[in-house]
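Asker: Here it is, the structure, as structure tokens.
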Amino acid sequence: MNTEISNPILRGMYPDPSICRVGSKYYLANSTFTYVPGIPIFESDDLINWKQIGHILERESQLDLKDMEVSSGIFAPTLRYHKGIFYMITTNAGRGGTFYVTAKEPQGPWSEPVFLKDAEGIDPSLYFEGDKCFYVGQRFKKDAKYYGDCEIWIQELDLERGCLTGEAHAVWDGAAKNAIWPEGPHLYRKDDWYYLMIAEGGTAHEHSVSVARSREIFGPYESCKNNPVFTHRHLGEKYPIQNIGHADLIEMEDGSWYAVMLGTRMLDGRSALGRETFLVPVIWENDWPVFYAGEGKVPVTDTTFGNKREKRICWEQDLDLSCVMLRKQLPKERYHMENGRLYLQCGRDALSGTGNPSYIGVRVEEYNFSLETGMCFTPEDGEEAGLIYFYNAENYMTVSVCGADKQPVVKITKREKGNETILFREACVPGSYRLRIEGKQGKMTCFLNQQCLTEQIPLEAMTTEEAGGFVGCTMGVFAVAENQNSNTEAIFEKLELAYS
């Protein structure tokens, strides 16, 4: 591959990447927590340019996220291919535990989930050898001495019966003494060695990639003397890309190796974009992997920040694959699309709760952006619709039109750590509206009908460092109602999305 890597290769909230190759095609999947559809799947010819071809978890029978907070739900998936079948294994951290699904084609349909009742822990992976499949997992030690005192374990998985079989072998507890959160394991075979690659140090600033190897699948595993083999924690907290770790290796057709991993682009020490997918080259020296030889880090390039592009999300018969909802697909009676417009019914579930609000959004992919749409809306009292910039139920911003005292009112609301502040409120003429939000270097400006309503509103609260959790921001359209029997619809034109 001679093309220069433009990192991140997936921008916005695409964490915990897992990758596999089938012939000349590459496939990649990411965590989605409580966003639906669950686990997007991407296809590429070159590891650089990716196209989303579907989602793995699309049906409610595969994806029970009821009443979960945003950073719960679907944790790190592993995507693998073996003898004509795609396998994806993951953990629903909020309900049900670890399960896998299968498909003959990467775009689906994917099977109903097979839950593994004895697969304790998170971050499961699969390794195939001949006719055998092995489960590679993470769990707390039975005699754990501190929070995050975990180990990696391997056990055979009987795919015909859908259960673990034989003895479970604890094989490694990380490279560092008293390591915290050894997790995200993946097992590979190269030449005469089994290589076990893990994440270590937690998923924030101390995140890292460590490797061990063994002649036998169940060990003993020796730790690489160069561990951690890749991290950014030594670069200091002011380096623009942080949290590098949770990697997965891939060998190209020409025999060259690369690794995908998560990382975070920071702004003033905070992240609103969440953990994204990065790509680095890997070489092998003395039977050990070397990540980005000669560089030792993911470099910051001209396109790392400020990748200019535009996108239009037109409301056709099917939603754009980049669109997301919260916790479950909206019922068909709650929305429909006609003549390029979205008809979104005011839902009874609040954005500030753990329900299924009438919200359709996209991941925020850059710190500088604008999102604009036209809206037709005639609200009754207690009904509200508009644009939202959303981190979680406790932290978001809206520019909206609502019904109050029998008239429409435009307002801008900032919810921060559960407390709401009305930044702007004014009666407006009923009918059609043009709404726009603009983000620039961590501050928000809001517009109604091309008129600026508020400028430079700080967005620090909508970041991982301030709000906690594992997600990044999304933004889009919403419609809510205090009256549970509301049938009022907000009609939205296409979303005009621009990044700079």
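Every chain in the structure tokens has a letter given in the order shown (A, B, ...), and although residue numbers restart at 1 in each chain, ligands are simply numbered from 1 in the order shown.
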Determine, counting only C-alpha atoms, which protein, DNA and RNA residues have an atom within 9 Å of an atom of segment 85-92 of chain A; residues of the same chain fewer than 4 positions away are not included. Present the result as a count of residues only.
Answerer: 35
Asker: Write out as a list in words each polymer residue whose atoms come within 12 Å of Gly382 of chain A, counting only C-alpha atoms; drop sequence neighbours fewer than 3 positions from it.
Answerer: Cys346, Gly347, Arg348, Ala350, Thr378, Pro379, Ala385, Val401, Cys402, Gly403, Ala404, Asp405, Lys406, Gln407, Pro408, Val409, Ala479, Val480, Ala481, Glu482, Asn483, Gln484, Asn485, Ser486 and Thr488 of chain A
Asker: Keeping only N, CA and C atoms, write those residues as a PDB file, in the first residue's frame.
Answerer:
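Output below, filename again.pdb:
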```
ATOM      1  N   CYS A 346     -43.851  13.641  17.334  1.00  0.00           N
ATOM      2  CA  CYS A 346     -43.398  13.973  18.679  1.00  0.00           C
ATOM      3  C   CYS A 346     -43.538  12.752  19.589  1.00  0.00           C
ATOM      4  N   GLY A 347     -42.438  12.322  20.156  1.00  0.00           N
ATOM      5  CA  GLY A 347     -42.441  11.131  21.009  1.00  0.00           C
ATOM      6  C   GLY A 347     -42.589  11.492  22.469  1.00  0.00           C
ATOM      7  N   ARG A 348     -43.092  10.552  23.248  1.00  0.00           N
ATOM      8  CA  ARG A 348     -43.300  10.814  24.679  1.00  0.00           C
ATOM      9  C   ARG A 348     -42.021  10.628  25.494  1.00  0.00           C
ATOM     10  N   ALA A 350     -38.418  11.438  26.722  1.00  0.00           N
ATOM     11  CA  ALA A 350     -37.593  12.631  26.756  1.00  0.00           C
ATOM     12  C   ALA A 350     -36.148  12.315  26.372  1.00  0.00           C
ATOM     13  N   THR A 378     -46.032  22.978  13.617  1.00  0.00           N
ATOM     14  CA  THR A 378     -47.056  23.773  14.300  1.00  0.00           C
ATOM     15  C   THR A 378     -47.345  23.103  15.632  1.00  0.00           C
ATOM     16  N   PRO A 379     -46.610  23.484  16.675  1.00  0.00           N
ATOM     17  CA  PRO A 379     -46.699  22.744  17.939  1.00  0.00           C
ATOM     18  C   PRO A 379     -47.885  23.143  18.805  1.00  0.00           C
ATOM     19  N   ALA A 385     -39.620  20.583  18.763  1.00  0.00           N
ATOM     20  CA  ALA A 385     -38.839  19.915  17.718  1.00  0.00           C
ATOM     21  C   ALA A 385     -37.739  20.849  17.239  1.00  0.00           C
ATOM     22  N   VAL A 401     -38.163  24.789  18.267  1.00  0.00           N
ATOM     23  CA  VAL A 401     -39.425  25.516  18.335  1.00  0.00           C
ATOM     24  C   VAL A 401     -40.365  24.698  19.209  1.00  0.00           C
ATOM     25  N   CYS A 402     -41.005  25.351  20.155  1.00  0.00           N
ATOM     26  CA  CYS A 402     -41.915  24.642  21.057  1.00  0.00           C
ATOM     27  C   CYS A 402     -43.232  25.407  21.164  1.00  0.00           C
ATOM     28  N   GLY A 403     -44.246  24.733  21.665  1.00  0.00           N
ATOM     29  CA  GLY A 403     -45.533  25.362  21.911  1.00  0.00           C
ATOM     30  C   GLY A 403     -45.630  25.814  23.351  1.00  0.00           C
ATOM     31  N   ALA A 404     -46.004  27.089  23.555  1.00  0.00           N
ATOM     32  CA  ALA A 404     -46.165  27.625  24.911  1.00  0.00           C
ATOM     33  C   ALA A 404     -47.213  28.730  24.886  1.00  0.00           C
ATOM     34  N   ASP A 405     -48.209  28.602  25.732  1.00  0.00           N
ATOM     35  CA  ASP A 405     -49.282  29.598  25.802  1.00  0.00           C
ATOM     36  C   ASP A 405     -49.926  29.822  24.442  1.00  0.00           C
ATOM     37  N   LYS A 406     -50.173  28.714  23.764  1.00  0.00           N
ATOM     38  CA  LYS A 406     -50.893  28.710  22.489  1.00  0.00           C
ATOM     39  C   LYS A 406     -50.162  29.420  21.346  1.00  0.00           C
ATOM     40  N   GLN A 407     -48.824  29.537  21.451  1.00  0.00           N
ATOM     41  CA  GLN A 407     -48.066  30.131  20.364  1.00  0.00           C
ATOM     42  C   GLN A 407     -46.708  29.464  20.262  1.00  0.00           C
ATOM     43  N   PRO A 408     -46.105  29.522  19.068  1.00  0.00           N
ATOM     44  CA  PRO A 408     -44.770  28.930  18.915  1.00  0.00           C
ATOM     45  C   PRO A 408     -43.699  29.841  19.506  1.00  0.00           C
ATOM     46  N   VAL A 409     -42.703  29.215  20.098  1.00  0.00           N
ATOM     47  CA  VAL A 409     -41.588  29.919  20.724  1.00  0.00           C
ATOM     48  C   VAL A 409     -40.291  29.262  20.260  1.00  0.00           C
ATOM     49  N   ALA A 479     -38.015  15.393  18.014  1.00  0.00           N
ATOM     50  CA  ALA A 479     -39.374  15.890  18.251  1.00  0.00           C
ATOM     51  C   ALA A 479     -39.903  15.191  19.496  1.00  0.00           C
ATOM     52  N   VAL A 480     -40.297  15.980  20.508  1.00  0.00           N
ATOM     53  CA  VAL A 480     -40.764  15.412  21.773  1.00  0.00           C
ATOM     54  C   VAL A 480     -42.057  16.102  22.203  1.00  0.00           C
ATOM     55  N   ALA A 481     -42.783  15.451  23.104  1.00  0.00           N
ATOM     56  CA  ALA A 481     -44.043  16.000  23.592  1.00  0.00           C
ATOM     57  C   ALA A 481     -44.265  15.593  25.037  1.00  0.00           C
ATOM     58  N   GLU A 482     -44.790  16.511  25.830  1.00  0.00           N
ATOM     59  CA  GLU A 482     -45.173  16.173  27.193  1.00  0.00           C
ATOM     60  C   GLU A 482     -46.433  15.322  27.202  1.00  0.00           C
ATOM     61  N   ASN A 483     -47.300  15.524  26.214  1.00  0.00           N
ATOM     62  CA  ASN A 483     -48.556  14.783  26.100  1.00  0.00           C
ATOM     63  C   ASN A 483     -48.291  13.440  25.436  1.00  0.00           C
ATOM     64  N   GLN A 484     -48.567  12.375  26.144  1.00  0.00           N
ATOM     65  CA  GLN A 484     -48.286  11.041  25.607  1.00  0.00           C
ATOM     66  C   GLN A 484     -49.168  10.691  24.416  1.00  0.00           C
ATOM     67  N   ASN A 485     -50.247  11.413  24.221  1.00  0.00           N
ATOM     68  CA  ASN A 485     -51.157  11.115  23.113  1.00  0.00           C
ATOM     69  C   ASN A 485     -50.944  12.033  21.921  1.00  0.00           C
ATOM     70  N   SER A 486     -49.820  12.731  21.891  1.00  0.00           N
ATOM     71  CA  SER A 486     -49.543  13.657  20.792  1.00  0.00           C
ATOM     72  C   SER A 486     -49.399  12.915  19.472  1.00  0.00           C
ATOM     73  N   THR A 488     -48.716  15.084  16.703  1.00  0.00           N
ATOM     74  CA  THR A 488     -48.137  16.157  15.905  1.00  0.00           C
ATOM     75  C   THR A 488     -46.810  15.710  15.286  1.00  0.00           C
TER      76      THR A 488
END
```
Asker: List the neighbours of Ile19 of chain A out to 10 Å using only C-alpha atoms; skip same-chain residues closer than 3 positions along the sequence, and give me the result as a PyMOL selection string.
Answerer: chain A and resi 26-30+41-43+47+77-81+247-250+259-261
Asker: Write the selection just made, keeping N, CA, C and O atoms, as a PDB file, in the first residue's frame?
Answerer:
```pdb
ATOM      1  N   TYR A  26     -11.488  -6.022   2.683  1.00  0.00           N
ATOM      2  CA  TYR A  26     -11.303  -5.886   4.122  1.00  0.00           C
ATOM      3  C   TYR A  26     -12.616  -5.424   4.744  1.00  0.00           C
ATOM      4  O   TYR A  26     -13.349  -4.609   4.157  1.00  0.00           O
ATOM      5  N   TYR A  27     -12.893  -5.941   5.951  1.00  0.00           N
ATOM      6  CA  TYR A  27     -14.140  -5.614   6.641  1.00  0.00           C
ATOM      7  C   TYR A  27     -13.822  -5.182   8.069  1.00  0.00           C
ATOM      8  O   TYR A  27     -12.915  -5.739   8.711  1.00  0.00           O
ATOM      9  N   LEU A  28     -14.551  -4.191   8.540  1.00  0.00           N
ATOM     10  CA  LEU A  28     -14.253  -3.600   9.834  1.00  0.00           C
ATOM     11  C   LEU A  28     -15.555  -3.310  10.574  1.00  0.00           C
ATOM     12  O   LEU A  28     -16.553  -2.902   9.970  1.00  0.00           O
ATOM     13  N   ALA A  29     -15.531  -3.521  11.899  1.00  0.00           N
ATOM     14  CA  ALA A  29     -16.709  -3.287  12.740  1.00  0.00           C
ATOM     15  C   ALA A  29     -16.303  -2.519  13.991  1.00  0.00           C
ATOM     16  O   ALA A  29     -15.141  -2.572  14.418  1.00  0.00           O
ATOM     17  N   ASN A  30     -17.276  -1.809  14.588  1.00  0.00           N
ATOM     18  CA  ASN A  30     -17.015  -0.960  15.757  1.00  0.00           C
ATOM     19  C   ASN A  30     -18.101  -1.098  16.811  1.00  0.00           C
ATOM     20  O   ASN A  30     -19.227  -1.499  16.526  1.00  0.00           O
ATOM     21  N   ILE A  41     -20.798  -2.051   9.828  1.00  0.00           N
ATOM     22  CA  ILE A  41     -19.775  -2.845   9.154  1.00  0.00           C
ATOM     23  C   ILE A  41     -19.366  -2.116   7.881  1.00  0.00           C
ATOM     24  O   ILE A  41     -20.209  -1.641   7.110  1.00  0.00           O
ATOM     25  N   PHE A  42     -18.037  -2.018   7.696  1.00  0.00           N
ATOM     26  CA  PHE A  42     -17.456  -1.278   6.585  1.00  0.00           C
ATOM     27  C   PHE A  42     -16.657  -2.219   5.693  1.00  0.00           C
ATOM     28  O   PHE A  42     -16.151  -3.244   6.146  1.00  0.00           O
ATOM     29  N   GLU A  43     -16.518  -1.807   4.428  1.00  0.00           N
ATOM     30  CA  GLU A  43     -15.750  -2.574   3.439  1.00  0.00           C
ATOM     31  C   GLU A  43     -14.718  -1.658   2.783  1.00  0.00           C
ATOM     32  O   GLU A  43     -14.959  -0.465   2.567  1.00  0.00           O
ATOM     33  N   LEU A  47      -7.652  -0.454   2.857  1.00  0.00           N
ATOM     34  CA  LEU A  47      -7.515  -0.100   4.273  1.00  0.00           C
ATOM     35  C   LEU A  47      -7.622   1.407   4.534  1.00  0.00           C
ATOM     36  O   LEU A  47      -7.717   1.829   5.682  1.00  0.00           O
ATOM     37  N   PRO A  77     -16.632  -5.316  19.741  1.00  0.00           N
ATOM     38  CA  PRO A  77     -16.866  -6.515  18.935  1.00  0.00           C
ATOM     39  C   PRO A  77     -15.562  -7.067  18.369  1.00  0.00           C
ATOM     40  O   PRO A  77     -14.563  -6.356  18.262  1.00  0.00           O
ATOM     41  N   THR A  78     -15.587  -8.328  18.002  1.00  0.00           N
ATOM     42  CA  THR A  78     -14.526  -8.908  17.171  1.00  0.00           C
ATOM     43  C   THR A  78     -15.186  -9.476  15.924  1.00  0.00           C
ATOM     44  O   THR A  78     -16.189 -10.193  16.004  1.00  0.00           O
ATOM     45  N   LEU A  79     -14.613  -9.152  14.776  1.00  0.00           N
ATOM     46  CA  LEU A  79     -15.118  -9.603  13.483  1.00  0.00           C
ATOM     47  C   LEU A  79     -14.116 -10.572  12.874  1.00  0.00           C
ATOM     48  O   LEU A  79     -12.935 -10.262  12.744  1.00  0.00           O
ATOM     49  N   ARG A  80     -14.580 -11.770  12.512  1.00  0.00           N
ATOM     50  CA  ARG A  80     -13.710 -12.783  11.918  1.00  0.00           C
ATOM     51  C   ARG A  80     -14.444 -13.509  10.781  1.00  0.00           C
ATOM     52  O   ARG A  80     -15.679 -13.494  10.703  1.00  0.00           O
ATOM     53  N   TYR A  81     -13.655 -14.154   9.914  1.00  0.00           N
ATOM     54  CA  TYR A  81     -14.187 -14.921   8.784  1.00  0.00           C
ATOM     55  C   TYR A  81     -13.510 -16.272   8.762  1.00  0.00           C
ATOM     56  O   TYR A  81     -12.280 -16.372   8.887  1.00  0.00           O
ATOM     57  N   ALA A 247      -5.998  -2.565  19.702  1.00  0.00           N
ATOM     58  CA  ALA A 247      -5.624  -2.772  18.302  1.00  0.00           C
ATOM     59  C   ALA A 247      -6.045  -4.157  17.800  1.00  0.00           C
ATOM     60  O   ALA A 247      -6.275  -5.086  18.584  1.00  0.00           O
ATOM     61  N   ASP A 248      -6.106  -4.268  16.476  1.00  0.00           N
ATOM     62  CA  ASP A 248      -6.356  -5.546  15.797  1.00  0.00           C
ATOM     63  C   ASP A 248      -5.467  -5.586  14.564  1.00  0.00           C
ATOM     64  O   ASP A 248      -5.424  -4.625  13.787  1.00  0.00           O
ATOM     65  N   LEU A 249      -4.732  -6.682  14.385  1.00  0.00           N
ATOM     66  CA  LEU A 249      -3.779  -6.830  13.277  1.00  0.00           C
ATOM     67  C   LEU A 249      -4.451  -7.390  12.030  1.00  0.00           C
ATOM     68  O   LEU A 249      -5.395  -8.175  12.108  1.00  0.00           O
ATOM     69  N   ILE A 250      -3.914  -6.989  10.871  1.00  0.00           N
ATOM     70  CA  ILE A 250      -4.395  -7.535   9.609  1.00  0.00           C
ATOM     71  C   ILE A 250      -3.216  -7.686   8.643  1.00  0.00           C
ATOM     72  O   ILE A 250      -2.354  -6.808   8.549  1.00  0.00           O
ATOM     73  N   ALA A 259      -2.228  -2.405  11.528  1.00  0.00           N
ATOM     74  CA  ALA A 259      -3.078  -2.533  12.713  1.00  0.00           C
ATOM     75  C   ALA A 259      -4.085  -1.397  12.733  1.00  0.00           C
ATOM     76  O   ALA A 259      -3.729  -0.237  12.482  1.00  0.00           O
ATOM     77  N   VAL A 260      -5.338  -1.727  13.020  1.00  0.00           N
ATOM     78  CA  VAL A 260      -6.337  -0.707  13.328  1.00  0.00           C
ATOM     79  C   VAL A 260      -6.428  -0.593  14.840  1.00  0.00           C
ATOM     80  O   VAL A 260      -6.188  -1.564  15.566  1.00  0.00           O
ATOM     81  N   MET A 261      -6.761   0.578  15.319  1.00  0.00           N
ATOM     82  CA  MET A 261      -6.835   0.803  16.759  1.00  0.00           C
ATOM     83  C   MET A 261      -7.678   2.038  17.025  1.00  0.00           C
ATOM     84  O   MET A 261      -7.966   2.822  16.115  1.00  0.00           O
TER      85      MET A 261
END
```
Asker: Could you list, as a list in words, every residue within 9 Å of segment 463-469 of chain A, counting only C-alpha atoms and ignoring same-chain residues fewer than 6 positions away?
Answerer: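 Using only C-alpha atoms, the neighbours found are Val70, Ser71, Ser72, Gly269, Arg270, Ser271, Ala272, Leu273, Gly274, Tyr391, Asn392, Glu394, Asn395, Glu416 and Lys417 of chain A.
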Asker: Between A:Asn487, A:Ser111, A:Thr34, A:Ser500, which residue has the minimum interatomic distance to Gly306 of chain A, considering only C-alpha atoms?
Answerer: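 Once distances to Gly306 of chain A are computed over only C-alpha atoms, the minimum belongs to A:Ser500.
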Asker: At a cut-off of 8 Å, using only C-alpha atoms, what residues contact segment 171-186 of chain A? Leave out same-chain residues fewer than 6 positions from it and give the result as a PyMOL selection string.
Answerer: chain A and resi 76+122-127+136-138+147-154+196-202+210-211+218-221+223-224+227-228+246-248
Asker: Select from segment 323-475 of chain A everything DSSP, run on the backbone, classes as helix (DSSP H, G or I), then give the selection as a PDB file with N, CA, C and O atoms, in the first residue's frame.
Answerer:
```
ATOM      1  N   LYS A 332     -42.386   2.320  13.275  1.00  0.00           N
ATOM      2  CA  LYS A 332     -42.717   2.872  11.963  1.00  0.00           C
ATOM      3  C   LYS A 332     -43.823   3.922  12.045  1.00  0.00           C
ATOM      4  O   LYS A 332     -43.892   4.832  11.214  1.00  0.00           O
ATOM      5  N   GLU A 333     -44.705   3.817  13.050  1.00  0.00           N
ATOM      6  CA  GLU A 333     -45.751   4.831  13.177  1.00  0.00           C
ATOM      7  C   GLU A 333     -45.199   6.160  13.682  1.00  0.00           C
ATOM      8  O   GLU A 333     -45.880   7.186  13.642  1.00  0.00           O
ATOM      9  N   ARG A 334     -43.929   6.174  14.141  1.00  0.00           N
ATOM     10  CA  ARG A 334     -43.337   7.384  14.685  1.00  0.00           C
ATOM     11  C   ARG A 334     -42.656   8.232  13.608  1.00  0.00           C
ATOM     12  O   ARG A 334     -42.397   9.399  13.823  1.00  0.00           O
ATOM     13  N   THR A 464     -16.048  13.724  26.895  1.00  0.00           N
ATOM     14  CA  THR A 464     -15.802  12.555  27.738  1.00  0.00           C
ATOM     15  C   THR A 464     -15.178  12.950  29.065  1.00  0.00           C
ATOM     16  O   THR A 464     -15.541  12.412  30.120  1.00  0.00           O
ATOM     17  N   GLU A 465     -14.260  13.904  29.033  1.00  0.00           N
ATOM     18  CA  GLU A 465     -13.536  14.277  30.248  1.00  0.00           C
ATOM     19  C   GLU A 465     -14.454  14.931  31.272  1.00  0.00           C
ATOM     20  O   GLU A 465     -14.249  14.794  32.478  1.00  0.00           O
ATOM     21  N   GLU A 466     -15.486  15.641  30.831  1.00  0.00           N
ATOM     22  CA  GLU A 466     -16.408  16.310  31.749  1.00  0.00           C
ATOM     23  C   GLU A 466     -17.632  15.459  32.072  1.00  0.00           C
ATOM     24  O   GLU A 466     -18.119  15.466  33.203  1.00  0.00           O
ATOM     25  N   ALA A 467     -18.134  14.739  31.077  1.00  0.00           N
ATOM     26  CA  ALA A 467     -19.389  13.998  31.250  1.00  0.00           C
ATOM     27  C   ALA A 467     -19.187  12.522  31.559  1.00  0.00           C
ATOM     28  O   ALA A 467     -20.129  11.836  31.953  1.00  0.00           O
TER      29      ALA A 467
END
```
Asker: Identify, with DSSP run on backbone atoms, the residues in segment 99-302 of chain A assigned to strand (DSSP E), and express the list as a VMD selection string.
Answerer: chain A and resid 99 to 103 114 to 115 125 to 129 132 to 140 150 to 158 163 to 172 183 to 190 193 to 200 208 to 214 222 to 223 230 to 231 241 to 251 257 to 265 276 to 285 288 to 291
Asker: Go ahead and compute the interatomic distance for atom CA of Arg415 of chain A and atom CA of Tyr35 of chain A, in Å to one decimal.
Answerer: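 Pair atom CA of Arg415 of chain A / atom CA of Tyr35 of chain A returns 20.0 Å.
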Asker: Within 10 Å of Ser322 of chain A, counting only C-alpha atoms, which residues qualify if same-chain residues fewer than 3 places away don't, as a list of chain:residue names?
Answerer: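 Within the cut-off, the hits are A:Pro37, A:Pro40, A:Gln52, A:Gly54, A:His55, A:Ile313, A:Leu319, A:Gly361, A:Val362, A:Arg363.
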Asker: Just to confirm, what's the straight-line distance from atom CA of Arg275 of chain A to atom CA of Arg312 of chain A in Å (one decimal)?
Answerer: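 Separating atom CA of Arg275 of chain A from atom CA of Arg312 of chain A is a distance of 24.0 Å.
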Asker: For atom CA of Ser18 of chain A and atom CA of Glu167 of chain A, determine how far apart the two atoms are, in Å to one decimal place.
Answerer: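 About the pair atom CA of Ser18 of chain A and atom CA of Glu167 of chain A: they are 26.4 Å apart.
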Asker: My list of candidates is A:Leu116, A:Leu351, A:Val324, A:Thr203. Which is closest to Ile39 of chain A when distances are computed with only C-alpha atoms?
Answerer: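 Result for the nearest residue to Ile39 of chain A: A:Val324.
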